[in-house]
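Enquirer: Here you go, target.txt (compact mmCIF, C-alpha atoms):
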# COMPACT_ATOMS: atom_id res chain seq x y z
CA MET A 1 -72.53 29.86 -36.11
CA GLN A 2 -73.59 33.10 -37.76
CA GLY A 3 -77.14 34.39 -37.24
CA GLN A 4 -78.22 33.53 -40.79
CA ASP A 5 -76.80 30.00 -40.47
CA ARG A 6 -78.44 29.55 -37.07
CA LYS A 7 -81.82 30.58 -38.49
CA LEU A 8 -81.49 28.17 -41.42
CA ALA A 9 -80.42 25.36 -39.08
CA GLY A 10 -83.51 25.93 -36.93
CA ILE A 11 -85.78 25.89 -39.96
CA GLN A 12 -84.24 22.64 -41.17
CA HIS A 13 -84.61 21.02 -37.74
CA GLU A 14 -88.32 21.85 -37.75
CA TYR A 15 -88.62 20.60 -41.34
CA TRP A 16 -87.35 17.14 -40.40
CA GLN A 17 -89.34 16.97 -37.17
CA GLN A 18 -92.53 17.63 -39.13
CA MET A 19 -91.62 15.26 -41.97
CA TYR A 20 -90.90 12.34 -39.63
CA SER A 21 -94.05 13.05 -37.61
CA ALA A 22 -96.21 13.11 -40.75
CA HIS A 23 -94.50 10.13 -42.41
CA PRO A 24 -93.46 7.48 -39.84
CA GLN A 25 -92.40 5.12 -42.65
CA MET A 26 -90.95 7.83 -44.86
CA TYR A 27 -88.09 5.72 -46.24
CA GLY A 28 -89.48 2.25 -45.54
CA ASP A 29 -87.73 -0.61 -43.77
CA GLU A 30 -85.22 -1.69 -46.40
CA PRO A 31 -81.65 -0.40 -46.00
CA SER A 32 -80.26 1.98 -48.59
CA ALA A 33 -77.79 0.73 -51.17
CA PRO A 34 -74.97 2.76 -49.54
CA ALA A 35 -75.71 1.05 -46.19
CA ARG A 36 -75.49 -2.40 -47.75
CA TYR A 37 -72.17 -1.40 -49.29
CA ALA A 38 -70.88 0.13 -46.04
CA ALA A 39 -71.83 -2.94 -44.00
CA GLU A 40 -69.67 -5.12 -46.25
CA VAL A 41 -66.76 -2.66 -46.06
CA PHE A 42 -67.05 -2.51 -42.26
CA ARG A 43 -67.29 -6.31 -41.98
CA THR A 44 -64.20 -6.96 -44.09
CA SER A 45 -62.23 -4.37 -42.10
CA GLY A 46 -63.11 -6.13 -38.83
CA ALA A 47 -65.20 -3.25 -37.45
CA HIS A 48 -67.42 -3.81 -34.42
CA ASP A 49 -68.54 -0.34 -33.25
CA VAL A 50 -70.40 1.73 -35.85
CA LEU A 51 -71.47 5.35 -35.43
CA GLU A 52 -74.18 6.60 -37.78
CA LEU A 53 -74.55 10.36 -38.15
CA GLY A 54 -77.93 11.51 -39.43
CA ALA A 55 -79.70 8.22 -38.82
CA GLY A 56 -83.19 9.69 -39.15
CA GLN A 57 -85.81 6.96 -38.77
CA GLY A 58 -83.03 4.42 -38.81
CA ARG A 59 -83.42 2.01 -41.70
CA ASP A 60 -79.64 1.86 -42.14
CA SER A 61 -78.81 1.69 -38.43
CA LEU A 62 -81.28 -1.19 -38.10
CA HIS A 63 -79.49 -2.97 -40.95
CA PHE A 64 -76.12 -2.62 -39.21
CA ALA A 65 -77.58 -3.83 -35.91
CA ARG A 66 -79.23 -6.85 -37.54
CA LEU A 67 -75.81 -7.83 -38.86
CA GLY A 68 -74.38 -7.77 -35.33
CA PHE A 69 -72.56 -4.43 -35.24
CA ALA A 70 -72.76 -2.36 -32.04
CA VAL A 71 -74.52 0.73 -33.38
CA GLN A 72 -74.74 4.29 -32.10
CA ALA A 73 -77.51 5.95 -34.13
CA THR A 74 -77.56 9.75 -33.91
CA ASP A 75 -79.66 12.51 -35.41
CA PHE A 76 -80.84 16.01 -34.53
CA SER A 77 -84.48 14.88 -34.82
CA GLY A 78 -85.82 13.40 -31.62
CA VAL A 79 -88.95 12.33 -33.51
CA GLY A 80 -86.98 10.20 -35.96
CA LEU A 81 -84.94 8.62 -33.18
CA GLU A 82 -88.04 7.79 -31.14
CA GLN A 83 -89.40 5.93 -34.15
CA LEU A 84 -86.07 4.15 -34.59
CA GLY A 85 -85.88 3.20 -30.91
CA ALA A 86 -89.37 1.73 -30.98
CA HIS A 87 -88.54 -0.30 -34.06
CA ALA A 88 -85.31 -1.60 -32.51
CA ALA A 89 -87.14 -2.56 -29.32
CA THR A 90 -89.75 -4.47 -31.30
CA GLU A 91 -86.99 -6.47 -32.99
CA GLY A 92 -85.06 -6.95 -29.74
CA LEU A 93 -81.97 -5.21 -31.09
CA HIS A 94 -80.16 -4.48 -27.84
CA ASN A 95 -76.95 -3.66 -29.72
CA LEU A 96 -78.42 -0.35 -31.00
CA ARG A 97 -78.39 2.89 -29.02
CA THR A 98 -79.80 6.27 -30.04
CA ALA A 99 -78.80 9.80 -29.11
CA VAL A 100 -79.94 13.24 -30.21
CA LEU A 101 -76.90 15.00 -31.67
CA GLU A 102 -76.16 18.38 -33.22
CA VAL A 103 -73.21 17.80 -35.56
CA ARG A 104 -72.25 21.47 -35.52
CA GLN A 105 -70.98 20.80 -31.99
CA PRO A 106 -68.04 18.52 -31.05
CA LEU A 107 -69.04 14.87 -31.05
CA PRO A 108 -69.66 13.73 -27.43
CA LEU A 109 -67.41 10.68 -27.79
CA PRO A 110 -63.89 9.90 -26.58
CA ASP A 111 -60.91 9.91 -28.91
CA ALA A 112 -60.40 6.67 -30.88
CA SER A 113 -63.65 5.13 -29.60
CA VAL A 114 -65.35 3.73 -32.74
CA ASP A 115 -64.28 1.48 -35.60
CA ALA A 116 -66.44 2.94 -38.36
CA VAL A 117 -68.56 5.99 -39.13
CA TYR A 118 -71.40 6.12 -41.64
CA ALA A 119 -73.33 9.17 -42.86
CA HIS A 120 -75.88 8.88 -45.67
CA MET A 121 -76.74 12.39 -46.93
CA LEU A 122 -75.89 14.06 -43.61
CA LEU A 123 -72.88 16.08 -44.74
CA CYS A 124 -74.90 17.63 -47.57
CA MET A 125 -77.54 19.13 -45.31
CA ALA A 126 -77.55 22.85 -44.43
CA LEU A 127 -73.94 22.86 -43.24
CA SER A 128 -71.34 25.37 -44.38
CA THR A 129 -68.06 24.14 -45.84
CA THR A 130 -66.34 25.16 -42.61
CA GLU A 131 -68.84 23.21 -40.52
CA ILE A 132 -68.42 20.16 -42.75
CA ALA A 133 -64.63 20.32 -42.43
CA ASP A 134 -64.93 20.64 -38.64
CA LEU A 135 -67.24 17.62 -38.54
CA VAL A 136 -64.86 15.52 -40.61
CA GLY A 137 -62.13 16.51 -38.16
CA GLU A 138 -64.31 15.27 -35.30
CA ILE A 139 -64.95 12.02 -37.16
CA ARG A 140 -61.20 11.60 -37.54
CA ARG A 141 -60.79 12.18 -33.80
CA VAL A 142 -63.30 9.54 -32.69
CA LEU A 143 -62.20 6.86 -35.15
CA ARG A 144 -59.66 4.29 -34.07
CA PRO A 145 -56.47 3.99 -36.18
CA GLY A 146 -57.37 2.23 -39.42
CA GLY A 147 -61.06 3.10 -38.97
CA THR A 148 -63.31 3.65 -41.97
CA PHE A 149 -65.64 6.50 -42.88
CA VAL A 150 -68.29 5.92 -45.55
CA TYR A 151 -70.53 8.82 -46.54
CA THR A 152 -72.79 10.00 -49.34
CA VAL A 153 -73.62 13.54 -50.45
CA ARG A 154 -75.51 15.08 -53.32
CA HIS A 155 -73.19 16.52 -55.96
CA THR A 156 -73.28 19.47 -58.31
CA GLY A 157 -74.63 17.34 -61.16
CA ASP A 158 -77.86 16.80 -59.21
CA PRO A 159 -81.05 18.11 -60.91
CA ASP A 160 -81.76 20.34 -57.89
CA PHE A 161 -78.40 22.11 -57.96
CA CYS A 162 -78.96 25.85 -58.45
CA VAL A 163 -82.73 25.38 -58.01
CA GLY A 164 -84.66 27.35 -55.39
CA ILE A 165 -83.36 29.80 -52.79
CA ALA A 166 -79.59 30.29 -52.85
CA HIS A 167 -77.98 30.54 -49.41
CA GLY A 168 -74.39 30.72 -50.66
CA ASP A 169 -71.64 28.10 -50.32
CA ASP A 170 -73.44 25.85 -52.87
CA ILE A 171 -76.47 25.56 -50.53
CA PHE A 172 -79.89 25.75 -52.21
CA GLU A 173 -83.29 25.45 -50.55
CA HIS A 174 -86.01 23.78 -52.60
CA ASP A 175 -89.48 22.84 -51.29
CA GLY A 176 -88.31 23.58 -47.74
CA LEU A 177 -85.21 21.38 -47.83
CA ALA A 178 -81.77 23.02 -47.87
CA VAL A 179 -78.97 21.00 -49.46
CA HIS A 180 -75.24 21.63 -49.76
CA PHE A 181 -74.20 20.29 -53.17
CA PHE A 182 -70.64 18.96 -53.35
CA PRO A 183 -68.21 19.57 -56.20
CA ARG A 184 -65.66 16.78 -56.55
CA TYR A 185 -62.82 18.94 -55.29
CA LEU A 186 -64.56 19.31 -51.93
CA VAL A 187 -64.66 15.52 -51.53
CA VAL A 188 -60.93 15.40 -52.29
CA ASP A 189 -60.17 18.28 -49.90
CA LEU A 190 -62.06 16.58 -47.06
CA ALA A 191 -59.97 13.43 -47.55
CA GLU A 192 -56.68 15.23 -46.93
CA GLY A 193 -54.72 13.20 -44.37
CA TRP A 194 -56.88 10.10 -44.98
CA ARG A 195 -56.46 7.22 -47.41
CA LEU A 196 -59.15 7.92 -50.00
CA ARG A 197 -60.17 4.44 -51.05
CA ASP A 198 -63.07 5.09 -53.38
CA ILE A 199 -65.26 7.81 -54.89
CA ARG A 200 -68.29 6.62 -56.83
CA THR A 201 -71.27 8.36 -58.39
CA LEU A 202 -74.69 6.91 -57.56
CA THR A 203 -78.32 7.72 -58.18
CA GLU A 204 -81.09 7.38 -55.61
CA GLY A 205 -84.83 8.02 -55.52
CA ASP A 206 -87.42 8.76 -58.15
CA LEU A 207 -86.01 12.08 -59.37
CA PRO A 208 -83.29 10.67 -59.11
CA HIS A 209 -80.79 12.37 -56.80
CA ARG A 210 -77.17 12.19 -57.90
CA LEU A 211 -74.67 11.36 -55.19
CA TRP A 212 -71.04 10.87 -54.37
CA ARG A 213 -70.35 7.75 -52.32
CA VAL A 214 -67.02 8.17 -50.56
CA THR A 215 -64.92 5.62 -48.67
CA GLN A 216 -61.89 6.79 -46.74
CA THR A 217 -59.74 5.20 -44.07
CA LEU A 218 -57.88 6.78 -41.19
CA THR A 219 -54.21 6.09 -41.58
CA ASP A 220 -52.49 4.25 -38.73
Write out the structure in this file as structure tokens.
Expert:
Amino acid sequence: MQGQDRKLAGIQHEYWQQMYSAHPQMYGDEPSAPARYAAEVFRTSGAHDVLELGAGQGRDSLHFARLGFAVQATDFSGVGLEQLGAHAATEGLHNLRTAVLEVRQPLPLPDASVDAVYAHMLLCMALSTTEIADLVGEIRRVLRPGGTFVYTVRHTGDPDFCVGIAHGDDIFEHDGLAVHFFPRYLVVDLAEGWRLRDIRTLTEGDLPHRLWRVTQTLTD
């Protein structure tokens, strides 16, 4: 990681630590629409082990665990994961584990060790295109043959695209949050070597944010 990227990554880590500390129920308890969709996709594919990248406070990981999936919930914010772990313990969800994880590093999991991977808005954080491609390669490595990857990212039609401080590589920082906005061709490029099952546009939030929801499967 270059010095500029390392500095931005540190700033973003502190941003989320402070946000989760100040707002313990920042996103509420209800799962996101992408998580409800992903759970159905994972169920119909016969998945058991689900890895969530960028779980935050865990509303989506909790949803997967309540449905009976074995969930590994990861995030770079220890504060968010502590809140998630406490919530899971209160509900007696013993099928959910948490781990602090920096996705710019190789995933600390064996090859072909999970059935499904889910990432809601994680890939569009302050990651360079190279870092995103490396992460998708790691996701491919840890998925079992036929495994499914469902992710969402903000796209270049989002109202915040080109707003705020430009960091290059379609990354813009607005109100302290740095976002990598995805053109459609980047979604297609990241699916090279996968079976790209679905690309949908969604809206989320009050603004609202405009997202790609992508479903791709690892070929056998």
Enquirer: Please report as a Markdown table every residue of segment 127-174 of chain A lying within 12 Å of segment 183-206 of chain A, along with the nearest atom pair and their distance in Å (one decimal), using all atoms listed in the file.
Expert:
| residue | atom | partner | partner_atom | distance |
| --- | --- | --- | --- | --- |
| A:Ser128 | CA | A:Leu186 | CA | 11.8 |
| A:Thr129 | CA | A:Leu186 | CA | 8.5 |
| A:Thr130 | CA | A:Leu190 | CA | 10.6 |
| A:Glu131 | CA | A:Leu190 | CA | 11.5 |
| A:Ile132 | CA | A:Leu190 | CA | 8.5 |
| A:Ala133 | CA | A:Leu190 | CA | 6.5 |
| A:Asp134 | CA | A:Leu190 | CA | 9.8 |
| A:Leu135 | CA | A:Leu190 | CA | 10.0 |
| A:Val136 | CA | A:Leu190 | CA | 7.1 |
| A:Gly137 | CA | A:Leu190 | CA | 8.9 |
| A:Ile139 | CA | A:Leu190 | CA | 11.3 |
| A:Arg140 | CA | A:Trp194 | CA | 8.7 |
| A:Leu143 | CA | A:Trp194 | CA | 11.6 |
| A:Pro145 | CA | A:Trp194 | CA | 10.7 |
| A:Gly146 | CA | A:Arg195 | CA | 9.5 |
| A:Gly147 | CA | A:Trp194 | CA | 10.1 |
| A:Thr148 | CA | A:Arg195 | CA | 9.4 |
| A:Phe149 | CA | A:Trp194 | CA | 9.7 |
| A:Val150 | CA | A:Asp198 | CA | 9.4 |
| A:Tyr151 | CA | A:Ile199 | CA | 9.9 |
| A:Thr152 | CA | A:Leu202 | CA | 9.0 |
| A:Val153 | CA | A:Val187 | CA | 9.2 |
| A:Arg154 | CA | A:Pro183 | CA | 9.0 |
| A:His155 | CA | A:Pro183 | CA | 5.8 |
| A:Thr156 | CA | A:Pro183 | CA | 5.5 |
| A:Gly157 | CA | A:Pro183 | CA | 8.4 |
| A:Asp158 | CA | A:Thr203 | CA | 9.1 |
| A:Pro159 | CA | A:Thr203 | CA | 11.1 |
| A:Phe161 | CA | A:Pro183 | CA | 10.6 |
| A:Asp169 | CA | A:Pro183 | CA | 10.9 |
| A:Asp170 | CA | A:Pro183 | CA | 8.8 |
| A:Ile171 | CA | A:Pro183 | CA | 11.7 |
Enquirer: Just give me the gap between atom CA of His174 of chain A and atom CA of Phe76 of chain A in Å, one decimal is fine.
Expert: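 Atom CA of Phe76 of chain A lies 20.3 Å from atom CA of His174 of chain A.
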Enquirer: Which value, in Å to one decimal, gives the distance between atom CA of His23 of chain A and atom CA of Leu107 of chain A?
Expert: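 Separation between atom CA of His23 of chain A and atom CA of Leu107 of chain A: 28.3 Å.
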Enquirer: Quick one: of A:Val50, A:Val103, A:Val163, A:Leu218, who's nearest to His63 of chain A, counting only C-alpha atoms?
Expert: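 Among the listed residues, A:Val50 lies closest to His63 of chain A.
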Enquirer: Just checking: using only C-alpha atoms, which residue out of A:Ala38, A:Ala166, A:Val117, A:Leu101 ends up closest to Val71 of chain A?
Expert: A:Val117
Enquirer: Could you work out how far atom CA of Thr217 of chain A lies from atom CA of Glu30 of chain A, giving the answer in Å with one decimal?
Expert: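 Distance between the two atoms: 26.5 Å.
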Enquirer: Which centre and which edge lengths, in Å to one decimal, describe the axis-aligned box that holds all listed atoms of segment 195-202 of chain A after 4 Å is added on each side, as lines of an AutoDock Vina configuration file?
Expert:
center_x = -65.6
center_y = 6.4
center_z = -52.9
size_x = 26.2
size_y = 11.9
size_z = 19.0
Enquirer: Quick one: residues within 12 Å of Ser21 of chain A, all atoms listed in the file counted, chain neighbours fewer than 2 positions away excluded, as an mmCIF file with C-alpha atoms, keeping the file's coordinate frame?
Expert:
data_model
loop_
_atom_site.group_PDB
_atom_site.id
_atom_site.type_symbol
_atom_site.label_atom_id
_atom_site.label_comp_id
_atom_site.auth_asym_id
_atom_site.auth_seq_id
_atom_site.Cartn_x
_atom_site.Cartn_y
_atom_site.Cartn_z
ATOM 1 C CA GLU A 14 -88.320 21.850 -37.750
ATOM 2 C CA TYR A 15 -88.620 20.600 -41.340
ATOM 3 C CA TRP A 16 -87.350 17.140 -40.400
ATOM 4 C CA GLN A 17 -89.340 16.970 -37.170
ATOM 5 C CA GLN A 18 -92.530 17.630 -39.130
ATOM 6 C CA MET A 19 -91.620 15.260 -41.970
ATOM 7 C CA HIS A 23 -94.500 10.130 -42.410
ATOM 8 C CA PRO A 24 -93.460 7.480 -39.840
ATOM 9 C CA GLN A 25 -92.400 5.120 -42.650
ATOM 10 C CA MET A 26 -90.950 7.830 -44.860
ATOM 11 C CA GLY A 56 -83.190 9.690 -39.150
ATOM 12 C CA GLN A 57 -85.810 6.960 -38.770
ATOM 13 C CA SER A 77 -84.480 14.880 -34.820
ATOM 14 C CA GLY A 78 -85.820 13.400 -31.620
ATOM 15 C CA VAL A 79 -88.950 12.330 -33.510
ATOM 16 C CA GLY A 80 -86.980 10.200 -35.960
ATOM 17 C CA LEU A 81 -84.940 8.620 -33.180
ATOM 18 C CA GLU A 82 -88.040 7.790 -31.140
ATOM 19 C CA GLN A 83 -89.400 5.930 -34.150
#
Enquirer: Here is a test: counting only C-alpha atoms, which residue of A:Leu53, A:Cys162, A:Ala178, A:Leu84 is nearest to Ala126 of chain A?
Expert: A:Ala178
Enquirer: For Leu122 of chain A, which residue among A:Glu102, A:Val142, A:Gly164, A:Val41 is the nearest when counting all atoms listed in the file?
Expert: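 Residue with the minimum atom-to-atom distance to Leu122 of chain A: A:Glu102.
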Enquirer: Of the residues A:Leu109, A:Val100, A:Ala116, A:Ile11, which is the one nearest to Phe42 of chain A, using all atoms listed in the file?
Expert: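 Looking only at the distances to Phe42 of chain A, the closest residue turns out to be A:Ala116.
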Enquirer: From the list A:Thr219, A:Glu52, A:Asp115, A:Phe69, which residue is nearest Thr98 of chain A when using only C-alpha atoms?
Expert: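 Among the listed residues, the smallest separation from Thr98 of chain A belongs to A:Glu52.
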Enquirer: Could you list, as a list in words, every residue within 10 Å of Arg43 of chain A, counting only C-alpha atoms and ignoring same-chain residues fewer than 3 positions away?
Expert: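 So the residues in contact are Ala38, Ala39, Glu40, Gly46, Ala47, His48, Phe64, Leu67, Gly68, Phe69 and Ala116 of chain A.
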Enquirer: Assuming the input is short of atoms at segment 27-43 of chain A, produce N, CA, C and O atoms for that part as an mmCIF file, in the frame of the given file.
Expert:
data_model
loop_
_atom_site.group_PDB
_atom_site.id
_atom_site.type_symbol
_atom_site.label_atom_id
_atom_site.label_comp_id
_atom_site.auth_asym_id
_atom_site.auth_seq_id
_atom_site.Cartn_x
_atom_site.Cartn_y
_atom_site.Cartn_z
ATOM 1 N N TYR A 27 -89.044 6.382 -45.361
ATOM 2 C CA TYR A 27 -88.090 5.720 -46.240
ATOM 3 C C TYR A 27 -88.246 4.197 -46.253
ATOM 4 O O TYR A 27 -87.435 3.495 -46.864
ATOM 5 N N GLY A 28 -89.255 3.688 -45.572
ATOM 6 C CA GLY A 28 -89.480 2.250 -45.540
ATOM 7 C C GLY A 28 -88.514 1.536 -44.614
ATOM 8 O O GLY A 28 -87.753 2.153 -43.863
ATOM 9 N N ASP A 29 -88.531 0.216 -44.667
ATOM 10 C CA ASP A 29 -87.730 -0.610 -43.770
ATOM 11 C C ASP A 29 -86.453 -1.139 -44.408
ATOM 12 O O ASP A 29 -85.548 -1.598 -43.701
ATOM 13 N N GLU A 30 -86.386 -1.125 -45.725
ATOM 14 C CA GLU A 30 -85.220 -1.690 -46.400
ATOM 15 C C GLU A 30 -84.028 -0.740 -46.308
ATOM 16 O O GLU A 30 -84.184 0.471 -46.467
ATOM 17 N N PRO A 31 -82.835 -1.274 -46.062
ATOM 18 C CA PRO A 31 -81.650 -0.400 -46.000
ATOM 19 C C PRO A 31 -81.351 0.210 -47.362
ATOM 20 O O PRO A 31 -81.708 -0.351 -48.406
ATOM 21 N N SER A 32 -80.687 1.345 -47.344
ATOM 22 C CA SER A 32 -80.260 1.980 -48.590
ATOM 23 C C SER A 32 -79.127 1.176 -49.213
ATOM 24 O O SER A 32 -78.441 0.393 -48.544
ATOM 25 N N ALA A 33 -78.910 1.377 -50.490
ATOM 26 C CA ALA A 33 -77.790 0.730 -51.170
ATOM 27 C C ALA A 33 -76.445 1.131 -50.554
ATOM 28 O O ALA A 33 -75.571 0.271 -50.361
ATOM 29 N N PRO A 34 -76.230 2.412 -50.200
ATOM 30 C CA PRO A 34 -74.970 2.760 -49.540
ATOM 31 C C PRO A 34 -74.768 2.020 -48.212
ATOM 32 O O PRO A 34 -73.635 1.672 -47.854
ATOM 33 N N ALA A 35 -75.843 1.767 -47.465
ATOM 34 C CA ALA A 35 -75.710 1.050 -46.190
ATOM 35 C C ALA A 35 -75.310 -0.399 -46.427
ATOM 36 O O ALA A 35 -74.491 -0.959 -45.678
ATOM 37 N N ARG A 36 -75.877 -1.021 -47.437
ATOM 38 C CA ARG A 36 -75.490 -2.400 -47.750
ATOM 39 C C ARG A 36 -74.017 -2.461 -48.132
ATOM 40 O O ARG A 36 -73.282 -3.372 -47.718
ATOM 41 N N TYR A 37 -73.589 -1.487 -48.927
ATOM 42 C CA TYR A 37 -72.170 -1.400 -49.290
ATOM 43 C C TYR A 37 -71.308 -1.179 -48.052
ATOM 44 O O TYR A 37 -70.299 -1.873 -47.847
ATOM 45 N N ALA A 38 -71.688 -0.205 -47.219
ATOM 46 C CA ALA A 38 -70.880 0.130 -46.040
ATOM 47 C C ALA A 38 -70.777 -1.052 -45.091
ATOM 48 O O ALA A 38 -69.700 -1.301 -44.514
ATOM 49 N N ALA A 39 -71.860 -1.799 -44.904
ATOM 50 C CA ALA A 39 -71.830 -2.940 -44.000
ATOM 51 C C ALA A 39 -70.780 -3.956 -44.442
ATOM 52 O O ALA A 39 -70.059 -4.531 -43.602
ATOM 53 N N GLU A 40 -70.673 -4.180 -45.744
ATOM 54 C CA GLU A 40 -69.670 -5.120 -46.250
ATOM 55 C C GLU A 40 -68.260 -4.575 -46.043
ATOM 56 O O GLU A 40 -67.341 -5.320 -45.649
ATOM 57 N N VAL A 41 -68.070 -3.285 -46.291
ATOM 58 C CA VAL A 41 -66.760 -2.660 -46.060
ATOM 59 C C VAL A 41 -66.380 -2.763 -44.582
ATOM 60 O O VAL A 41 -65.251 -3.128 -44.233
ATOM 61 N N PHE A 42 -67.322 -2.464 -43.692
ATOM 62 C CA PHE A 42 -67.050 -2.510 -42.260
ATOM 63 C C PHE A 42 -66.749 -3.944 -41.823
ATOM 64 O O PHE A 42 -65.848 -4.186 -41.011
ATOM 65 N N ARG A 43 -67.504 -4.906 -42.359
ATOM 66 C CA ARG A 43 -67.290 -6.310 -41.980
ATOM 67 C C ARG A 43 -65.899 -6.779 -42.383
ATOM 68 O O ARG A 43 -65.186 -7.386 -41.582
#
